[in-house]
Amino acid sequence: MNSMDYVLAVYNEKSFSKAAKKLFISQPALSATIRKVEDEIGYPLFDRSILPIRPTPVGRKYIQMINEINAVKNNFYFYLENMENLATGILVIGATHFFSACFLPKFITAFMRDFPGVAVELVESNSTELEQKLLNGDIDLQIDSRSFNADLFSSIPVRKENIILASPKNHPINQLLEPFQLTYEDISYDRHMDPEFPSVDLHLFQSEPLLLFKPGNDLNNRATAICREYDFQPVVKMYLNQLPTIHSLTSEGLGFSFVTDTLVKFNSAFHNVVYYKLESKHAIRDINAAYKRNRFHIRAIDQFITQLRSQIPECSEEKKSLKVAQG
């Protein structure tokens, strides 16, 4: 209870004594509270010379303002309730161009279909800039394959992805490695995840031209580490900024590349590429969903992370058909 509630009670009951009983306080205490409000605004709120008492012109305006304030409060609490129930709100997601184009669209579409009252905004930038936006509170959630500072962010792995070798389909070396080859359909069906499926010997490719991410990117670091595991320095033909571009140039025969199965699963356009499984601890990494620690976050963040950790929407029917075809 506050002073505005006391003023409304006197107005509704048209009596100090009746209002005091309804509020379970003494009449002198109620009168003192009303008098304090009147002293603060400099005008009386009630005409005490008549019975039942009535509000003065200033009192009527004050009561009107109280009702408007209460309406705003009620609307705000209604908004909070709807937000908690995912009936309203805004979710701002940050992601690199690759994840925005190849990974998130189906999940965002499914989320907006399930929770049409929640507006989703997608911010695209590089990983470093996105992390700063997350720290500043400009975005609610960052989807990335990088590692996050545990002191600043809560990071939840939503799925694992595998780094595989992409080869131009018409390259002569593929004729010798047919038992190791994987197609787009094989990757979509997770055939490369079968422990019995063989990994290729990367030594066979040590003299071949490679298309790599520019230094500083996680995929560049992992590709270099994989080559180091096999005791050779990669022959880099070109450094690039975008994984889809690297994949596209591989399909045109410009060189070999390290790509992720996430890219392949979400991009079926390139059929003139074959893939090889790699045996390396560096060939597996997490896709993480991160949000800032010690900051209130809406329930939409948790719900979106839950959907990210579920099965990829567009792969399920395709996998069923492939399973029937292969079974």
# chains A, B, ... in the order shown; residues from 1 in each chain; ligands from 1

call {"tool": "closest_atom_pairs", "arguments": {"of": "stretch 183-291 of chain A", "to": "stretch 121-129 of chain A", "cutoff": "12 Å", "atoms": "only C-alpha atoms", "output": "JSON lines"}}
result
{"residue": "A:Gly216", "atom": "CA", "partner": "A:Thr128", "partner_atom": "CA", "distance": 10.6}
{"residue": "A:Asn217", "atom": "CA", "partner": "A:Ser127", "partner_atom": "CA", "distance": 9.1}
{"residue": "A:Asp218", "atom": "CA", "partner": "A:Ser127", "partner_atom": "CA", "distance": 10.1}
{"residue": "A:Asn241", "atom": "CA", "partner": "A:Asn126", "partner_atom": "CA", "distance": 9.9}
{"residue": "A:Gln242", "atom": "CA", "partner": "A:Asn126", "partner_atom": "CA", "distance": 10.4}
{"residue": "A:Asn288", "atom": "CA", "partner": "A:Ser127", "partner_atom": "CA", "distance": 11.9}
{"residue": "A:Ala290", "atom": "CA", "partner": "A:Ser127", "partner_atom": "CA", "distance": 11.8}

call {"tool": "select_by_dssp", "arguments": {"residues": "stretch 28-263 of chain A", "states": "strand (DSSP E or B)", "output": "PyMOL selection string"}}
result
chain A and resi 46-47+54-55+89-95+118-124+141-144+153-168+181-182+209-213+235-240+256-260

call {"tool": "atom_distance", "arguments": {"atom1": "atom CA of A:Ile163", "atom2": "atom CA of A:Val259"}}
result
5.5 Å

call {"tool": "residues_around", "arguments": {"residues": "A:Asn174", "least_positions_apart": "6", "cutoff": "10 Å", "atoms": "only C-alpha atoms", "output": "PyMOL selection string"}}
result
chain A and resi 167-168+180-181+274-276

call {"tool": "write_last_selection", "arguments": {"atoms": "C-alpha atoms", "output": "mmCIF file, in the first residue's frame"}}
result
data_model
loop_
_atom_site.group_PDB
_atom_site.id
_atom_site.type_symbol
_atom_site.label_atom_id
_atom_site.label_comp_id
_atom_site.auth_asym_id
_atom_site.auth_seq_id
_atom_site.Cartn_x
_atom_site.Cartn_y
_atom_site.Cartn_z
ATOM 1 C CA SER A 167 37.758 -31.973 -52.906
ATOM 2 C CA PRO A 168 36.826 -30.957 -56.463
ATOM 3 C CA PHE A 180 36.777 -42.948 -48.475
ATOM 4 C CA GLN A 181 34.541 -40.583 -50.423
ATOM 5 C CA VAL A 274 33.297 -34.914 -52.699
ATOM 6 C CA TYR A 275 34.268 -35.019 -49.048
ATOM 7 C CA TYR A 276 36.623 -36.970 -46.816
#

call {"tool": "residues_around", "arguments": {"residues": "A:Tyr184", "least_positions_apart": "2", "cutoff": "10 Å", "atoms": "only C-alpha atoms", "output": "list in words"}}
result
Leu182, Asp186, Ile187, Ser188, Tyr189, Asp190, Asp261, Val264, Lys265, Phe266, Asn267, Ser268, Ala269, Phe270, His271, Asn272, Val273, Val274 and Tyr275 of chain A

call {"tool": "closest_residue", "arguments": {"among": "A:Gln27, A:Gln142, A:Thr56, A:Asn67", "to": "A:Pro157", "atoms": "only C-alpha atoms"}}
result
A:Gln142

call {"tool": "select_by_dssp", "arguments": {"residues": "stretch 113-175 of chain A", "states": "alpha helix (DSSP H)", "output": "PyMOL selection string"}}
result
chain A and resi 113-114+127-136

call {"tool": "write_last_selection", "arguments": {"atoms": "N, CA and C atoms", "output": "CSV table (one decimal), in the first residue's frame"}}
result
chain,number,residue,atom,x,y,z
A,113,ARG,N,7.3,-19.1,-35.9
A,113,ARG,CA,6.0,-19.8,-36.1
A,113,ARG,C,5.4,-20.3,-34.8
A,114,ASP,N,6.2,-20.8,-33.9
A,114,ASP,CA,5.7,-21.2,-32.6
A,114,ASP,C,5.4,-20.1,-31.6
A,127,SER,N,32.9,-12.3,-35.6
A,127,SER,CA,32.8,-12.9,-34.2
A,127,SER,C,33.2,-11.9,-33.2
A,128,THR,N,34.3,-11.2,-33.4
A,128,THR,CA,34.9,-10.2,-32.4
A,128,THR,C,33.9,-9.1,-32.2
A,129,GLU,N,33.3,-8.5,-33.2
A,129,GLU,CA,32.4,-7.4,-33.1
A,129,GLU,C,31.1,-7.9,-32.4
A,130,LEU,N,30.7,-9.1,-32.7
A,130,LEU,CA,29.5,-9.6,-32.1
A,130,LEU,C,29.7,-9.8,-30.6
A,131,GLU,N,30.8,-10.3,-30.2
A,131,GLU,CA,31.1,-10.5,-28.8
A,131,GLU,C,31.1,-9.2,-28.0
A,132,GLN,N,31.6,-8.1,-28.6
A,132,GLN,CA,31.5,-6.8,-28.0
A,132,GLN,C,30.1,-6.3,-27.9
A,133,LYS,N,29.3,-6.6,-28.9
A,133,LYS,CA,27.8,-6.2,-28.9
A,133,LYS,C,27.1,-7.0,-27.7
A,134,LEU,N,27.5,-8.3,-27.6
A,134,LEU,CA,26.9,-9.1,-26.5
A,134,LEU,C,27.3,-8.5,-25.2
A,135,LEU,N,28.6,-8.1,-25.0
A,135,LEU,CA,29.0,-7.5,-23.8
A,135,LEU,C,28.3,-6.2,-23.5
A,136,ASN,N,28.1,-5.4,-24.5
A,136,ASN,CA,27.4,-4.1,-24.3
A,136,ASN,C,25.9,-4.2,-24.2

call {"tool": "residues_around", "arguments": {"residues": "A:Arg54", "least_positions_apart": "4", "cutoff": "10 Å", "atoms": "only C-alpha atoms", "output": "PyMOL selection string"}}
result
chain A and resi 10-12+14-15+45-50+59-60

call {"tool": "atom_distance", "arguments": {"atom1": "atom CA of A:Ser31", "atom2": "atom CA of A:Val72"}}
result
27.3 Å

call {"tool": "atom_distance", "arguments": {"atom1": "atom CA of A:Cys227", "atom2": "atom CA of A:Asp286"}}
result
20.2 Å

call {"tool": "residues_around", "arguments": {"residues": "A:Arg222", "least_positions_apart": "6", "cutoff": "12 Å", "atoms": "only C-alpha atoms", "output": "list in words"}}
result
Ser145, Arg146, Asn162, Ile163, Ile164, Leu212, Phe213, Lys214, Pro215, Gly216, Arg228, Glu229, Phe258, Val259, Thr260, Leu278, Ser280, Lys281, His282, Ala283, Ile284 and Arg285 of chain A
